[in-house]
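Colleague: What follows is entry-v6.json; its format and atoms are JSON, C-alpha atoms and all ligand atoms.
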[["chain", "number", "residue", "atom", "x", "y", "z"],
["R", 44, "MET", "CA", 0.00, 0.00, 0.00],
["R", 45, "MET", "CA", 1.22, 3.46, -0.78],
["R", 46, "LYS", "CA", 1.20, 6.14, 1.87],
["R", 47, "PHE", "CA", 0.98, 9.79, 0.86],
["R", 48, "CYS", "CA", 1.13, 12.78, 3.13],
["R", 49, "ASN", "CA", 1.41, 16.45, 2.35],
["R", 50, "LEU", "CA", 3.61, 17.60, 5.24],
["R", 51, "PHE", "CA", 3.97, 21.26, 4.27],
["R", 52, "SER", "CA", 2.77, 23.43, 1.42],
["R", 53, "GLY", "CA", 2.78, 27.07, 0.47],
["R", 54, "SER", "CA", 5.30, 29.86, 0.66],
["R", 55, "ASP", "CA", 6.41, 28.82, 4.15],
["R", 56, "GLY", "CA", 7.80, 25.61, 2.73],
["R", 57, "ASN", "CA", 6.85, 22.45, 0.92],
["R", 58, "ALA", "CA", 7.43, 18.79, 1.67],
["R", 59, "ILE", "CA", 5.52, 15.68, 0.69],
["R", 60, "PHE", "CA", 5.98, 12.15, 2.00],
["R", 61, "VAL", "CA", 5.41, 9.06, -0.14],
["R", 62, "GLY", "CA", 6.02, 5.56, 1.13],
["R", 63, "HIS", "CA", 5.58, 2.06, -0.23],
["R", 64, "ASN", "CA", 6.55, -0.92, 1.93],
["R", 65, "GLU", "CA", 10.07, -0.21, 3.11],
["R", 66, "THR", "CA", 10.73, 2.57, 0.62],
["R", 67, "LYS", "CA", 10.10, 6.07, 1.86],
["R", 68, "ILE", "CA", 10.85, 9.32, 0.07],
["R", 69, "LEU", "CA", 10.24, 13.03, 0.38],
["R", 70, "ILE", "CA", 9.37, 15.33, -2.48],
["R", 71, "ASP", "CA", 11.11, 18.59, -1.56],
["R", 72, "ALA", "CA", 12.12, 19.68, 1.93],
["R", 73, "GLY", "CA", 11.43, 23.40, 2.00],
["R", 74, "VAL", "CA", 11.30, 23.82, 5.76],
["R", 75, "SER", "CA", 13.96, 23.34, 8.43],
["R", 76, "CYS", "CA", 15.31, 19.90, 9.19],
["R", 77, "LYS", "CA", 13.72, 20.11, 12.63],
["R", 78, "LYS", "CA", 10.27, 20.75, 11.18],
["R", 79, "VAL", "CA", 10.63, 17.86, 8.74],
["R", 80, "VAL", "CA", 11.68, 15.52, 11.55],
["R", 81, "HIS", "CA", 8.68, 16.54, 13.67],
["R", 82, "ALA", "CA", 6.26, 16.31, 10.77],
["R", 83, "LEU", "CA", 7.47, 12.82, 9.94],
["R", 84, "GLU", "CA", 7.14, 11.77, 13.57],
["R", 85, "SER", "CA", 3.56, 13.04, 13.54],
["R", 86, "ILE", "CA", 2.77, 10.50, 10.82],
["R", 87, "GLN", "CA", 4.75, 7.73, 12.53],
["R", 88, "GLU", "CA", 7.69, 7.99, 10.18],
["R", 89, "SER", "CA", 11.34, 8.65, 10.83],
["R", 90, "ILE", "CA", 13.82, 10.82, 8.98],
["R", 91, "GLU", "CA", 16.41, 8.05, 9.34],
["R", 92, "GLN", "CA", 14.26, 5.83, 7.13],
["R", 93, "ILE", "CA", 13.89, 8.31, 4.29],
["R", 94, "ASP", "CA", 15.61, 6.81, 1.25],
["R", 95, "GLY", "CA", 15.84, 10.02, -0.72],
["R", 96, "ILE", "CA", 14.56, 13.53, -1.26],
["R", 97, "ILE", "CA", 13.59, 14.34, -4.84],
["R", 98, "ILE", "CA", 13.61, 18.02, -5.70],
["R", 99, "THR", "CA", 11.07, 19.72, -7.94],
["R", 100, "HIS", "CA", 13.02, 22.99, -8.29],
["R", 101, "GLU", "CA", 15.48, 25.22, -6.47],
["R", 102, "HIS", "CA", 13.21, 27.84, -4.88],
["R", 103, "ILE", "CA", 14.02, 28.08, -1.20],
["R", 104, "ASP", "CA", 10.54, 27.05, -0.07],
["R", 105, "HIS", "CA", 11.32, 23.67, -1.68],
["R", 106, "ILE", "CA", 14.92, 23.10, -0.60],
["R", 107, "LYS", "CA", 15.46, 24.96, 2.68],
["R", 108, "GLY", "CA", 16.00, 21.82, 4.78],
["R", 109, "ILE", "CA", 18.00, 19.63, 2.40],
["R", 110, "ASP", "CA", 21.40, 20.93, 3.45],
["R", 111, "VAL", "CA", 21.06, 20.04, 7.13],
["R", 112, "ILE", "CA", 19.04, 16.86, 6.51],
["R", 113, "ASN", "CA", 21.66, 15.57, 4.10],
["R", 114, "ARG", "CA", 24.60, 16.33, 6.34],
["R", 115, "LYS", "CA", 22.95, 15.16, 9.54],
["R", 116, "TYR", "CA", 21.19, 12.04, 8.29],
["R", 117, "LYS", "CA", 23.08, 11.31, 5.04],
["R", 118, "THR", "CA", 19.74, 11.33, 3.20],
["R", 119, "PRO", "CA", 20.39, 11.16, -0.55],
["R", 120, "ILE", "CA", 19.21, 14.15, -2.58],
["R", 121, "TYR", "CA", 18.00, 13.79, -6.17],
["R", 122, "ALA", "CA", 17.74, 16.75, -8.55],
["R", 123, "ASN", "CA", 18.34, 17.41, -12.21],
["R", 124, "ARG", "CA", 21.52, 19.13, -13.35],
["R", 125, "SER", "CA", 20.17, 22.66, -13.78],
["R", 126, "THR", "CA", 18.52, 22.51, -10.39],
["R", 127, "TRP", "CA", 21.75, 21.32, -8.76],
["R", 128, "LYS", "CA", 23.56, 24.28, -10.29],
["R", 129, "LYS", "CA", 21.10, 26.66, -8.67],
["R", 130, "ILE", "CA", 21.19, 24.77, -5.38],
["R", 131, "HIS", "CA", 24.95, 25.23, -5.49],
["R", 132, "GLU", "CA", 24.39, 29.00, -5.40],
["R", 133, "LYS", "CA", 22.42, 28.68, -2.16],
["R", 134, "PHE", "CA", 24.31, 25.94, -0.34],
["R", 135, "ASP", "CA", 27.85, 24.70, -0.27],
["R", 136, "VAL", "CA", 27.12, 21.55, -2.22],
["R", 137, "SER", "CA", 30.63, 20.23, -1.59],
["R", 138, "ARG", "CA", 29.57, 19.64, 2.01],
["R", 139, "LEU", "CA", 26.68, 17.45, 0.89],
["R", 140, "THR", "CA", 26.94, 13.71, 0.51],
["R", 141, "THR", "CA", 24.99, 11.25, -1.61],
["R", 142, "CYS", "CA", 23.85, 13.74, -4.24],
["R", 143, "HIS", "CA", 22.26, 12.22, -7.32],
["R", 144, "VAL", "CA", 21.66, 13.84, -10.68],
["R", 145, "PHE", "CA", 18.68, 12.65, -12.69],
["R", 146, "LYS", "CA", 17.80, 13.58, -16.21],
["R", 147, "THR", "CA", 14.36, 15.09, -16.66],
["R", 148, "LYS", "CA", 12.09, 12.56, -18.41],
["R", 149, "GLU", "CA", 14.47, 9.66, -17.60],
["R", 150, "PRO", "CA", 12.91, 7.31, -15.05],
["R", 151, "PHE", "CA", 14.96, 6.19, -12.04],
["R", 152, "LYS", "CA", 14.31, 4.02, -9.02],
["R", 153, "ILE", "CA", 14.53, 4.56, -5.32],
["R", 154, "GLY", "CA", 13.93, 1.21, -3.65],
["R", 155, "ASP", "CA", 10.46, -0.05, -4.63],
["R", 156, "LEU", "CA", 9.44, 3.22, -6.22],
["R", 157, "GLU", "CA", 9.95, 4.30, -9.79],
["R", 158, "ILE", "CA", 10.24, 8.04, -10.33],
["R", 159, "HIS", "CA", 9.32, 9.77, -13.57],
["R", 160, "SER", "CA", 10.08, 13.47, -13.90],
["R", 161, "PHE", "CA", 8.60, 15.83, -16.45],
["R", 162, "PRO", "CA", 8.96, 19.57, -17.14],
["R", 163, "ILE", "CA", 6.46, 22.00, -15.66],
["R", 164, "PRO", "CA", 5.94, 25.68, -16.46],
["R", 165, "HIS", "CA", 7.43, 27.67, -13.56],
["R", 166, "ASP", "CA", 10.06, 30.38, -13.21],
["R", 167, "ALA", "CA", 12.92, 28.14, -12.11],
["R", 168, "ALA", "CA", 15.94, 26.61, -13.88],
["R", 169, "GLU", "CA", 14.47, 23.21, -14.77],
["R", 170, "PRO", "CA", 11.34, 22.68, -12.71],
["R", 171, "VAL", "CA", 9.71, 19.27, -12.79],
["R", 172, "GLY", "CA", 6.69, 17.39, -11.63],
["R", 173, "PHE", "CA", 6.86, 13.74, -10.63],
["R", 174, "ASN", "CA", 5.00, 10.52, -11.18],
["R", 175, "VAL", "CA", 5.81, 8.19, -8.30],
["R", 176, "LEU", "CA", 4.96, 4.61, -9.18],
["R", 177, "SER", "CA", 4.76, 1.47, -7.11],
["R", 178, "PRO", "CA", 4.05, -1.81, -8.92],
["R", 179, "GLN", "CA", 0.32, -1.16, -8.37],
["R", 180, "LYS", "CA", -0.21, 2.57, -7.98],
["R", 181, "LYS", "CA", 0.66, 5.86, -9.58],
["R", 182, "ILE", "CA", 0.83, 9.16, -7.73],
["R", 183, "SER", "CA", 1.35, 12.39, -9.66],
["R", 184, "ILE", "CA", 2.73, 15.46, -7.98],
["R", 185, "LEU", "CA", 2.68, 18.95, -9.44],
["R", 186, "THR", "CA", 3.79, 21.90, -7.35],
["R", 187, "ASP", "CA", 4.11, 25.54, -8.38],
["R", 188, "VAL", "CA", 2.54, 24.96, -11.76],
["R", 189, "GLY", "CA", 1.99, 28.21, -13.63],
["R", 190, "HIS", "CA", -0.67, 26.72, -15.84],
["R", 191, "MET", "CA", -1.82, 23.34, -17.05],
["R", 192, "ASN", "CA", -1.24, 22.16, -20.59],
["R", 193, "VAL", "CA", -1.94, 19.09, -22.64],
["R", 194, "GLU", "CA", 1.49, 17.61, -21.92],
["R", 195, "LEU", "CA", 0.89, 17.84, -18.17],
["R", 196, "ILE", "CA", -2.53, 16.28, -18.53],
["R", 197, "HIS", "CA", -0.84, 13.41, -20.33],
["R", 198, "GLN", "CA", 1.51, 12.93, -17.38],
["R", 199, "LEU", "CA", -1.43, 12.72, -15.01],
["R", 200, "LYS", "CA", -3.09, 9.99, -17.05],
["R", 201, "ASP", "CA", -4.10, 6.91, -15.05],
["R", 202, "SER", "CA", -2.93, 8.36, -11.76],
["R", 203, "ASP", "CA", -4.49, 6.90, -8.65],
["R", 204, "LEU", "CA", -3.83, 10.14, -6.85],
["R", 205, "ILE", "CA", -2.97, 13.58, -8.13],
["R", 206, "TYR", "CA", -1.45, 16.23, -5.92],
["R", 207, "LEU", "CA", -1.80, 19.57, -7.62],
["R", 208, "GLU", "CA", -0.62, 22.85, -6.19],
["R", 209, "SER", "CA", -0.88, 26.06, -8.08],
["R", 210, "ASN", "CA", 0.07, 29.40, -6.65],
["R", 211, "HIS", "CA", -1.99, 31.08, -9.31],
["R", 212, "GLU", "CA", -5.30, 29.44, -8.58],
["R", 213, "GLU", "CA", -6.31, 30.81, -5.22],
["R", 214, "GLU", "CA", -9.91, 29.97, -5.90],
["R", 215, "MET", "CA", -9.06, 26.29, -5.99],
["R", 216, "VAL", "CA", -8.41, 26.12, -2.28],
["R", 217, "LYS", "CA", -11.97, 27.14, -1.68],
["R", 218, "VAL", "CA", -13.19, 24.08, -3.48],
["R", 219, "SER", "CA", -10.47, 21.61, -2.49],
["R", 220, "SER", "CA", -12.79, 19.51, -0.34],
["R", 221, "TYR", "CA", -15.53, 19.31, -2.96],
["R", 222, "PRO", "CA", -16.11, 16.25, -5.13],
["R", 223, "TRP", "CA", -14.06, 16.25, -8.29],
["R", 224, "SER", "CA", -17.11, 16.54, -10.49],
["R", 225, "LEU", "CA", -18.08, 19.78, -8.81],
["R", 226, "LYS", "CA", -14.47, 20.93, -8.66],
["R", 227, "GLN", "CA", -14.11, 20.28, -12.35],
["R", 228, "ARG", "CA", -17.14, 22.37, -13.11],
["R", 229, "ILE", "CA", -15.89, 25.21, -10.97],
["R", 230, "LEU", "CA", -12.36, 25.00, -12.31],
["R", 231, "GLY", "CA", -13.75, 24.94, -15.80],
["R", 232, "GLU", "CA", -14.80, 28.50, -15.30],
["R", 233, "LYS", "CA", -11.26, 29.52, -14.58],
["R", 234, "GLY", "CA", -8.85, 30.49, -17.27],
["R", 235, "HIS", "CA", -5.70, 28.82, -16.04],
["R", 236, "LEU", "CA", -6.98, 25.34, -15.76],
["R", 237, "SER", "CA", -9.40, 25.39, -18.63],
["R", 238, "ASN", "CA", -6.79, 23.26, -20.39],
["R", 239, "LEU", "CA", -7.49, 20.58, -17.84],
["R", 240, "ASN", "CA", -10.80, 19.97, -19.54],
["R", 241, "ALA", "CA", -9.21, 20.26, -22.96],
["R", 242, "GLY", "CA", -6.56, 17.75, -21.99],
["R", 243, "LYS", "CA", -9.15, 15.40, -20.60],
["R", 244, "ASN", "CA", -10.80, 15.31, -23.97],
["R", 245, "HIS", "CA", -7.52, 14.20, -25.50],
["R", 246, "SER", "CA", -7.31, 11.25, -23.16],
["R", 247, "SER", "CA", -8.40, 7.92, -24.47],
["R", 248, "ASN", "CA", -10.57, 7.29, -21.46],
["R", 249, "ASP", "CA", -11.72, 9.03, -18.35],
["R", 250, "SER", "CA", -8.15, 9.01, -17.16],
["R", 251, "ILE", "CA", -8.27, 11.68, -14.52],
["R", 252, "GLY", "CA", -11.93, 12.32, -13.98],
["R", 253, "ASN", "CA", -12.44, 9.60, -11.40],
["R", 254, "ARG", "CA", -9.23, 10.06, -9.49],
["R", 255, "LYS", "CA", -8.56, 11.63, -6.16],
["R", 256, "ILE", "CA", -7.22, 15.11, -6.49],
["R", 257, "TYR", "CA", -5.56, 16.85, -3.62],
["R", 258, "CYS", "CA", -5.05, 20.58, -3.79],
["R", 259, "GLY", "CA", -2.39, 22.04, -1.55],
["R", 260, "SER", "CA", -2.14, 25.41, 0.09],
["R", 261, "PHE", "CA", -2.37, 28.24, -2.36],
["R", 262, "LYS", "CA", -0.56, 30.92, -0.50],
["R", 263, "GLN", "CA", 1.69, 32.72, -2.90],
["R", 264, "GLY", "CA", 4.90, 30.71, -3.18],
["R", 265, "GLU", "CA", 8.18, 31.58, -4.74],
["S", 301, "ZN", "ZN", 8.75, 27.85, -7.03]]
Just dump the structure as structure tokens.
Ligand SMILES: [Zn+2]
Modeller:
Amino acid sequence: MMKFCNLFSGSDGNAIFVGHNETKILIDAGVSCKKVVHALESIQESIEQIDGIIITHEHIDHIKGIDVINRKYKTPIYANRSTWKKIHEKFDVSRLTTCHVFKTKEPFKIGDLEIHSFPIPHDAAEPVGFNVLSPQKKISILTDVGHMNVELIHQLKDSDLIYLESNHEEEMVKVSSYPWSLKQRILGEKGHLSNLNAGKNHSSNDSIGNRKIYCGSFKQGE
């Protein structure tokens, strides 16, 4: 069974936990190490058991804690090359251990989980979203997405769970607890995500319409 938990979201910092059997990862760690440790404890998880942190992009509200976490707990960090370059400007990367470079769009594995990265529109060096796949399930994670497009809709196809955060769609938070059908109708009235409906029409089946969609905090992020 996959376990998903949105630990932090918004401009104060972002971190998401995904676990499957013995494999446990974080997507971003944009708050202090201490906060991450406490948040993990609150969901009965331990920082020592985190197998890797995969980074969506270099904005500080997504990477703030990685420096200390990596040095203190030797937690491997995964980011693409352009993102690492930018991280280097904020932290002394030479002090970090177990840093991994992935190529956007090239799948890689962390334990039981397969990670697929794909480009997202955001004002960072090489921002990505992730599909996190166990043998049975697919979770899609999009943070700081400027707008949806057909390519992104394609990446969400057949997801069992979609985590979507947009700092441009403040209205979405108001409807985040509504059923998807209602949410879809409401979002359809909004310009940014009108492509969501367009993309859905391109899908061969009702690939995202029946899935769980989680919307994160929509406070203005970096
Ligand atoms: Zn950002």
Colleague: Given all atoms listed in the file as the basis, pick out the residue of R:Pro150, R:Gly73, R:Pro178, R:Gly62 nearest to ligand ZN 301 (chain S).
Modeller: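 Checking each of R:Pro150, R:Gly73, R:Pro178, R:Gly62 against ligand ZN 301 (chain S), counting all atoms listed in the file, the winner is R:Gly73.
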Colleague: May I ask you to write as a PyMOL selection string all residues lying at most 9 Å from ligand ZN 301 (chain S), with only C-alpha atoms and all ligand atoms counted?
Modeller: chain R and resi 54+99-105+165-167+170+186-188+210+264-265
Colleague: Export C-alpha atoms of the chosen residues as a PDB file, in the frame of the given file?
Modeller:
ATOM      1  CA  SER R  54       5.300  29.860   0.660  1.00  0.00           C
ATOM      2  CA  THR R  99      11.070  19.720  -7.940  1.00  0.00           C
ATOM      3  CA  HIS R 100      13.020  22.990  -8.290  1.00  0.00           C
ATOM      4  CA  GLU R 101      15.480  25.220  -6.470  1.00  0.00           C
ATOM      5  CA  HIS R 102      13.210  27.840  -4.880  1.00  0.00           C
ATOM      6  CA  ILE R 103      14.020  28.080  -1.200  1.00  0.00           C
ATOM      7  CA  ASP R 104      10.540  27.050  -0.070  1.00  0.00           C
ATOM      8  CA  HIS R 105      11.320  23.670  -1.680  1.00  0.00           C
ATOM      9  CA  HIS R 165       7.430  27.670 -13.560  1.00  0.00           C
ATOM     10  CA  ASP R 166      10.060  30.380 -13.210  1.00  0.00           C
ATOM     11  CA  ALA R 167      12.920  28.140 -12.110  1.00  0.00           C
ATOM     12  CA  PRO R 170      11.340  22.680 -12.710  1.00  0.00           C
ATOM     13  CA  THR R 186       3.790  21.900  -7.350  1.00  0.00           C
ATOM     14  CA  ASP R 187       4.110  25.540  -8.380  1.00  0.00           C
ATOM     15  CA  VAL R 188       2.540  24.960 -11.760  1.00  0.00           C
ATOM     16  CA  ASN R 210       0.070  29.400  -6.650  1.00  0.00           C
ATOM     17  CA  GLY R 264       4.900  30.710  -3.180  1.00  0.00           C
ATOM     18  CA  GLU R 265       8.180  31.580  -4.740  1.00  0.00           C
TER      19      GLU R 265
END
Colleague: So, counting only C-alpha atoms, which residue among R:Ile163, R:Val175, R:Lys133, R:Leu195 is closest to Ile70 in chain R?
Modeller: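 Using only C-alpha atoms, Ile70 in chain R sits closest to R:Val175.
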Colleague: Box for range 194-207 of chain R - axis-aligned, 4 Å on each of the six sides, all listed atoms - centre and size in Å to one decimal, as lines of an AutoDock Vina configuration file.
Modeller:
center_x = -1.5
center_y = 13.2
center_z = -13.9
size_x = 14.0
size_y = 20.7
size_z = 24.0
Colleague: Have a look at R:Ile97, R:Ile112, R:Ile86, R:Ile153 and name the one nearest to Trp127 in chain R; count all atoms listed in the file.
Modeller: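 Smallest distance to Trp127 in chain R is found for R:Ile97.
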Colleague: Do a neighbour search on range 116-122 of chain R at 12 Å with all atoms listed in the file, toss out local chain neighbours closer than 4 positions, and write the hits as number ranges by chain.
Modeller: R: 67-72, 76-77, 80, 89-101, 105-106, 108-112, 126-131, 136, 138-147, 149, 151-153, 158, 160, 168-173
Colleague: Would you put the residues from that selection into a file with C-alpha atoms, as a tab-separated table (two decimals), keeping the file's coordinate frame?
Modeller:
chain	number	residue	atom	x	y	z
R	67	LYS	CA	10.10	6.07	1.86
R	68	ILE	CA	10.85	9.32	0.07
R	69	LEU	CA	10.24	13.03	0.38
R	70	ILE	CA	9.37	15.33	-2.48
R	71	ASP	CA	11.11	18.59	-1.56
R	72	ALA	CA	12.12	19.68	1.93
R	76	CYS	CA	15.31	19.90	9.19
R	77	LYS	CA	13.72	20.11	12.63
R	80	VAL	CA	11.68	15.52	11.55
R	89	SER	CA	11.34	8.65	10.83
R	90	ILE	CA	13.82	10.82	8.98
R	91	GLU	CA	16.41	8.05	9.34
R	92	GLN	CA	14.26	5.83	7.13
R	93	ILE	CA	13.89	8.31	4.29
R	94	ASP	CA	15.61	6.81	1.25
R	95	GLY	CA	15.84	10.02	-0.72
R	96	ILE	CA	14.56	13.53	-1.26
R	97	ILE	CA	13.59	14.34	-4.84
R	98	ILE	CA	13.61	18.02	-5.70
R	99	THR	CA	11.07	19.72	-7.94
R	100	HIS	CA	13.02	22.99	-8.29
R	101	GLU	CA	15.48	25.22	-6.47
R	105	HIS	CA	11.32	23.67	-1.68
R	106	ILE	CA	14.92	23.10	-0.60
R	108	GLY	CA	16.00	21.82	4.78
R	109	ILE	CA	18.00	19.63	2.40
R	110	ASP	CA	21.40	20.93	3.45
R	111	VAL	CA	21.06	20.04	7.13
R	112	ILE	CA	19.04	16.86	6.51
R	126	THR	CA	18.52	22.51	-10.39
R	127	TRP	CA	21.75	21.32	-8.76
R	128	LYS	CA	23.56	24.28	-10.29
R	129	LYS	CA	21.10	26.66	-8.67
R	130	ILE	CA	21.19	24.77	-5.38
R	131	HIS	CA	24.95	25.23	-5.49
R	136	VAL	CA	27.12	21.55	-2.22
R	138	ARG	CA	29.57	19.64	2.01
R	139	LEU	CA	26.68	17.45	0.89
R	140	THR	CA	26.94	13.71	0.51
R	141	THR	CA	24.99	11.25	-1.61
R	142	CYS	CA	23.85	13.74	-4.24
R	143	HIS	CA	22.26	12.22	-7.32
R	144	VAL	CA	21.66	13.84	-10.68
R	145	PHE	CA	18.68	12.65	-12.69
R	146	LYS	CA	17.80	13.58	-16.21
R	147	THR	CA	14.36	15.09	-16.66
R	149	GLU	CA	14.47	9.66	-17.60
R	151	PHE	CA	14.96	6.19	-12.04
R	152	LYS	CA	14.31	4.02	-9.02
R	153	ILE	CA	14.53	4.56	-5.32
R	158	ILE	CA	10.24	8.04	-10.33
R	160	SER	CA	10.08	13.47	-13.90
R	168	ALA	CA	15.94	26.61	-13.88
R	169	GLU	CA	14.47	23.21	-14.77
R	170	PRO	CA	11.34	22.68	-12.71
R	171	VAL	CA	9.71	19.27	-12.79
R	172	GLY	CA	6.69	17.39	-11.63
R	173	PHE	CA	6.86	13.74	-10.63
Colleague: Please compute the CA of Ser75 in chain R-CA of Lys115 in chain R distance, one decimal, in Å.
Modeller: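 Straight-line distance from CA of Ser75 in chain R to CA of Lys115 in chain R works out to 12.2 Å.
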